[in-house]
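Engineer: Input structure: upload07.pdb, which contains PDB, C-alpha atoms, pLDDT in the B column.
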```pdb
MODEL        1
ATOM      1  CA  MET G   1       0.000   0.000   0.000  1.00 75.00           C
ATOM      2  CA  LEU G   2       2.844   2.408   0.736  1.00 83.00           C
ATOM      3  CA  ASN G   3       4.121   2.145  -2.828  1.00 87.00           C
ATOM      4  CA  GLU G   4       0.701   3.085  -4.249  1.00 82.00           C
ATOM      5  CA  ALA G   5       0.314   6.006  -1.835  1.00 83.00           C
ATOM      6  CA  LEU G   6       3.741   7.363  -2.818  1.00 90.00           C
ATOM      7  CA  ARG G   7       2.838   7.057  -6.508  1.00 89.00           C
ATOM      8  CA  LEU G   8      -0.467   8.857  -5.991  1.00 84.00           C
ATOM      9  CA  ILE G   9       1.217  11.649  -4.033  1.00 87.00           C
ATOM     10  CA  ARG G  10       3.585  12.146  -6.982  1.00 92.00           C
ATOM     11  CA  VAL G  11       0.750  12.087  -9.529  1.00 90.00           C
ATOM     12  CA  PHE G  12      -1.338  14.491  -7.447  1.00 86.00           C
ATOM     13  CA  HIS G  13       1.546  16.974  -7.536  1.00 90.00           C
ATOM     14  CA  ASP G  14       1.833  16.543 -11.317  1.00 91.00           C
ATOM     15  CA  LEU G  15       5.409  15.271 -11.266  1.00 95.00           C
ATOM     16  CA  ASN G  16       6.863  12.593 -13.482  1.00 96.00           C
ATOM     17  CA  GLN G  17       9.174   9.978 -11.978  1.00 97.00           C
ATOM     18  CA  LYS G  18      12.347  11.610 -13.271  1.00 97.00           C
ATOM     19  CA  ASP G  19      11.525  15.018 -11.789  1.00 97.00           C
ATOM     20  CA  LEU G  20      10.612  13.516  -8.419  1.00 98.00           C
ATOM     21  CA  ALA G  21      13.693  11.282  -8.396  1.00 98.00           C
ATOM     22  CA  ASP G  22      15.825  14.397  -8.946  1.00 98.00           C
ATOM     23  CA  LYS G  23      14.085  16.211  -6.070  1.00 97.00           C
ATOM     24  CA  LEU G  24      14.514  13.187  -3.797  1.00 97.00           C
ATOM     25  CA  GLY G  25      18.155  12.682  -4.795  1.00 97.00           C
ATOM     26  CA  ILE G  26      17.583   9.090  -5.919  1.00 97.00           C
ATOM     27  CA  SER G  27      17.752   7.349  -9.282  1.00 97.00           C
ATOM     28  CA  ASN G  28      14.723   7.146 -11.517  1.00 97.00           C
ATOM     29  CA  SER G  29      15.016   3.337 -11.546  1.00 98.00           C
ATOM     30  CA  TYR G  30      14.997   3.190  -7.724  1.00 98.00           C
ATOM     31  CA  LEU G  31      11.871   5.380  -7.612  1.00 98.00           C
ATOM     32  CA  SER G  32      10.241   3.132 -10.198  1.00 97.00           C
ATOM     33  CA  GLU G  33      11.028   0.075  -8.066  1.00 97.00           C
ATOM     34  CA  ILE G  34       9.581   1.793  -4.980  1.00 96.00           C
ATOM     35  CA  GLU G  35       6.367   2.745  -6.772  1.00 94.00           C
ATOM     36  CA  SER G  36       5.959  -0.735  -8.254  1.00 94.00           C
ATOM     37  CA  GLY G  37       6.430  -2.335  -4.833  1.00 90.00           C
ATOM     38  CA  LYS G  38       9.640  -4.145  -5.778  1.00 96.00           C
ATOM     39  CA  LYS G  39      11.610  -2.194  -3.174  1.00 95.00           C
ATOM     40  CA  THR G  40      10.645  -0.655   0.134  1.00 91.00           C
ATOM     41  CA  PRO G  41      11.643   2.990   0.612  1.00 92.00           C
ATOM     42  CA  THR G  42      14.110   3.731   3.369  1.00 92.00           C
ATOM     43  CA  LEU G  43      13.193   6.061   6.204  1.00 90.00           C
ATOM     44  CA  GLU G  44      15.546   8.599   4.634  1.00 94.00           C
ATOM     45  CA  VAL G  45      13.581   8.495   1.363  1.00 95.00           C
ATOM     46  CA  ILE G  46      10.289   8.863   3.243  1.00 94.00           C
ATOM     47  CA  GLU G  47      11.719  11.892   5.067  1.00 94.00           C
ATOM     48  CA  LYS G  48      12.706  13.376   1.698  1.00 96.00           C
ATOM     49  CA  TYR G  49       9.124  12.829   0.459  1.00 95.00           C
ATOM     50  CA  SER G  50       7.990  14.645   3.586  1.00 93.00           C
ATOM     51  CA  GLU G  51      10.187  17.625   2.750  1.00 95.00           C
ATOM     52  CA  VAL G  52       9.392  17.718  -0.976  1.00 95.00           C
ATOM     53  CA  PHE G  53       5.625  17.496  -0.470  1.00 92.00           C
ATOM     54  CA  ASN G  54       5.474  19.422   2.818  1.00 89.00           C
ATOM     55  CA  MET G  55       3.620  16.714   4.691  1.00 88.00           C
ATOM     56  CA  PRO G  56       4.446  14.900   7.918  1.00 87.00           C
ATOM     57  CA  SER G  57       6.352  11.632   7.643  1.00 88.00           C
ATOM     58  CA  SER G  58       3.775  10.142   9.976  1.00 84.00           C
ATOM     59  CA  SER G  59       1.080  10.662   7.337  1.00 80.00           C
ATOM     60  CA  ILE G  60       3.192   8.810   4.808  1.00 80.00           C
ATOM     61  CA  LEU G  61       4.138   6.058   7.247  1.00 77.00           C
ATOM     62  CA  PHE G  62       0.482   5.465   8.091  1.00 72.00           C
ATOM     63  CA  PHE G  63       0.353   3.227   5.027  1.00 60.00           C
ATOM     64  CA  SER G  64       3.220   1.055   6.189  1.00 59.00           C
ATOM     65  CA  GLU G  65       2.245   0.456   9.807  1.00 58.00           C
ATOM     66  CA  ASN G  66       2.395  -3.159  10.897  1.00 42.00           C
ATOM     67  CA  LEU G  67      -0.245  -3.872  13.479  1.00 31.00           C
ATOM     68  CA  ASP G  68       0.390  -7.040  15.419  1.00 36.00           C
ATOM     69  CA  SER G  69      -2.789  -6.979  17.421  1.00 40.00           C
ATOM     70  CA  GLY G  70      -4.692  -9.633  15.502  1.00 46.00           C
ATOM     71  CA  GLU G  71      -6.600 -10.439  12.355  1.00 51.00           C
ATOM     72  CA  LYS G  72      -9.437  -8.004  12.992  1.00 54.00           C
ATOM     73  CA  SER G  73      -7.019  -5.078  13.325  1.00 62.00           C
ATOM     74  CA  GLU G  74      -5.290  -6.104  10.119  1.00 66.00           C
ATOM     75  CA  LYS G  75      -8.631  -6.099   8.285  1.00 71.00           C
ATOM     76  CA  THR G  76      -9.426  -2.678   9.731  1.00 71.00           C
ATOM     77  CA  LYS G  77      -6.044  -1.307   8.695  1.00 69.00           C
ATOM     78  CA  LYS G  78      -6.476  -2.663   5.165  1.00 74.00           C
ATOM     79  CA  SER G  79      -9.975  -1.232   4.899  1.00 74.00           C
ATOM     80  CA  ILE G  80      -8.873   2.224   6.017  1.00 76.00           C
ATOM     81  CA  SER G  81      -5.814   2.146   3.764  1.00 77.00           C
ATOM     82  CA  ASN G  82      -7.928   1.158   0.762  1.00 77.00           C
ATOM     83  CA  LYS G  83     -10.360   3.995   1.442  1.00 79.00           C
ATOM     84  CA  VAL G  84      -7.554   6.537   1.764  1.00 80.00           C
ATOM     85  CA  ILE G  85      -6.020   5.313  -1.496  1.00 81.00           C
ATOM     86  CA  LYS G  86      -9.421   5.648  -3.207  1.00 80.00           C
ATOM     87  CA  ILE G  87      -9.646   9.230  -1.906  1.00 81.00           C
ATOM     88  CA  LEU G  88      -6.145  10.000  -3.214  1.00 81.00           C
ATOM     89  CA  ASP G  89      -7.097   8.389  -6.539  1.00 79.00           C
ATOM     90  CA  TRP G  90     -10.232  10.553  -6.710  1.00 80.00           C
ATOM     91  CA  ILE G  91      -8.205  13.691  -5.933  1.00 79.00           C
ATOM     92  CA  SER G  92      -5.702  12.703  -8.606  1.00 77.00           C
ATOM     93  CA  ALA G  93      -8.482  12.251 -11.176  1.00 77.00           C
ATOM     94  CA  LYS G  94     -10.022  15.624 -10.255  1.00 75.00           C
ATOM     95  CA  SER G  95      -6.687  17.424 -10.679  1.00 69.00           C
ATOM     96  CA  VAL G  96      -6.318  16.071 -14.226  1.00 62.00           C
ATOM     97  CA  VAL G  97      -9.643  17.584 -15.321  1.00 57.00           C
TER      98      VAL G  97
ENDMDL
END
```
Kindly return the structure encoded in the file as structure tokens.
Structural biologist:
Amino acid sequence: MLNEALRLIRVFHDLNQKDLADKLGISNSYLSEIESGKKTPTLEVIEKYSEVFNMPSSSILFFSENLDSGEKSEKTKKSISNKVIKILDWISAKSVV
């Protein structure tokens, strides 16, 4: 879920991968791997996202929390994450129009 949220944040701000990679100080291929879910971003990269997009790291990390308090909590976390991603998707679609 974190990879999709990071991609949607980039799209919402109308940046292509190369431009964002430059701002983050990482390679375009590494950003592509993060957004596709092949690699997990480091805390340093998440902090750079926080700076570039002027949003708290905690908001970004919300998508990567690992709750160990049982199956019900995991379902709740997934449900909330999916809803937030749908909201970000909707915002992204609205900004294109």
Engineer: Expanded to explicit residues, what is the PyMOL selection byres ((chain G and resi 43) around 12) for this file, as a PDB file with C-alpha atoms, keeping the file's coordinate frame?
Structural biologist:
```
ATOM      1  CA  THR G  40      10.645  -0.655   0.134  1.00 91.00           C
ATOM      2  CA  PRO G  41      11.643   2.990   0.612  1.00 92.00           C
ATOM      3  CA  THR G  42      14.110   3.731   3.369  1.00 92.00           C
ATOM      4  CA  GLU G  44      15.546   8.599   4.634  1.00 94.00           C
ATOM      5  CA  VAL G  45      13.581   8.495   1.363  1.00 95.00           C
ATOM      6  CA  ILE G  46      10.289   8.863   3.243  1.00 94.00           C
ATOM      7  CA  GLU G  47      11.719  11.892   5.067  1.00 94.00           C
ATOM      8  CA  LYS G  48      12.706  13.376   1.698  1.00 96.00           C
ATOM      9  CA  TYR G  49       9.124  12.829   0.459  1.00 95.00           C
ATOM     10  CA  SER G  50       7.990  14.645   3.586  1.00 93.00           C
ATOM     11  CA  SER G  57       6.352  11.632   7.643  1.00 88.00           C
ATOM     12  CA  SER G  58       3.775  10.142   9.976  1.00 84.00           C
ATOM     13  CA  ILE G  60       3.192   8.810   4.808  1.00 80.00           C
ATOM     14  CA  LEU G  61       4.138   6.058   7.247  1.00 77.00           C
ATOM     15  CA  SER G  64       3.220   1.055   6.189  1.00 59.00           C
TER      16      SER G  64
END
```
Engineer: Take the PyMOL selection byres ((chain G and resi 2-10) around 9), apply it to the structure above, and return the hits as number ranges by chain.
Structural biologist: G: 1, 11-17, 20, 33-41, 49, 53, 60-64, 84-85, 88-89, 92
Engineer: Suppose you want the space between atom CA of G:Asn54 and atom CA of G:Lys23; what is it in Å?
Structural biologist: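 Separation between atom CA of G:Asn54 and atom CA of G:Lys23: 12.8 Å.
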Engineer: So which one's closest to G:Val52, G:Ile80, G:Ile91, G:Leu31, G:Leu24? Using only C-alpha atoms, please.
Structural biologist: G:Leu24
Engineer: One number please: atom CA of G:Ser79 to atom CA of G:Ser59, in Å, one decimal.
Structural biologist: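 We find that atom CA of G:Ser79 and atom CA of G:Ser59 lie 16.4 Å from each other.
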Engineer: Grab the atom CA of G:Lys18 to atom CA of G:Ser32 distance for me, in Å with one decimal place.
Structural biologist: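 So the two atoms, atom CA of G:Lys18 and atom CA of G:Ser32, lie 9.3 Å apart.
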Engineer: Can you sort out the box for stretch 15-33 of chain G, edges along x, y and z, all listed atoms in, 3 Å on every side, with centre and edge lengths in Å to one decimal, as JSON?
Structural biologist:
```
{"center_x": 11.8, "center_y": 8.1, "center_z": -8.6, "size_x": 18.7, "size_y": 22.1, "size_z": 15.7}
```
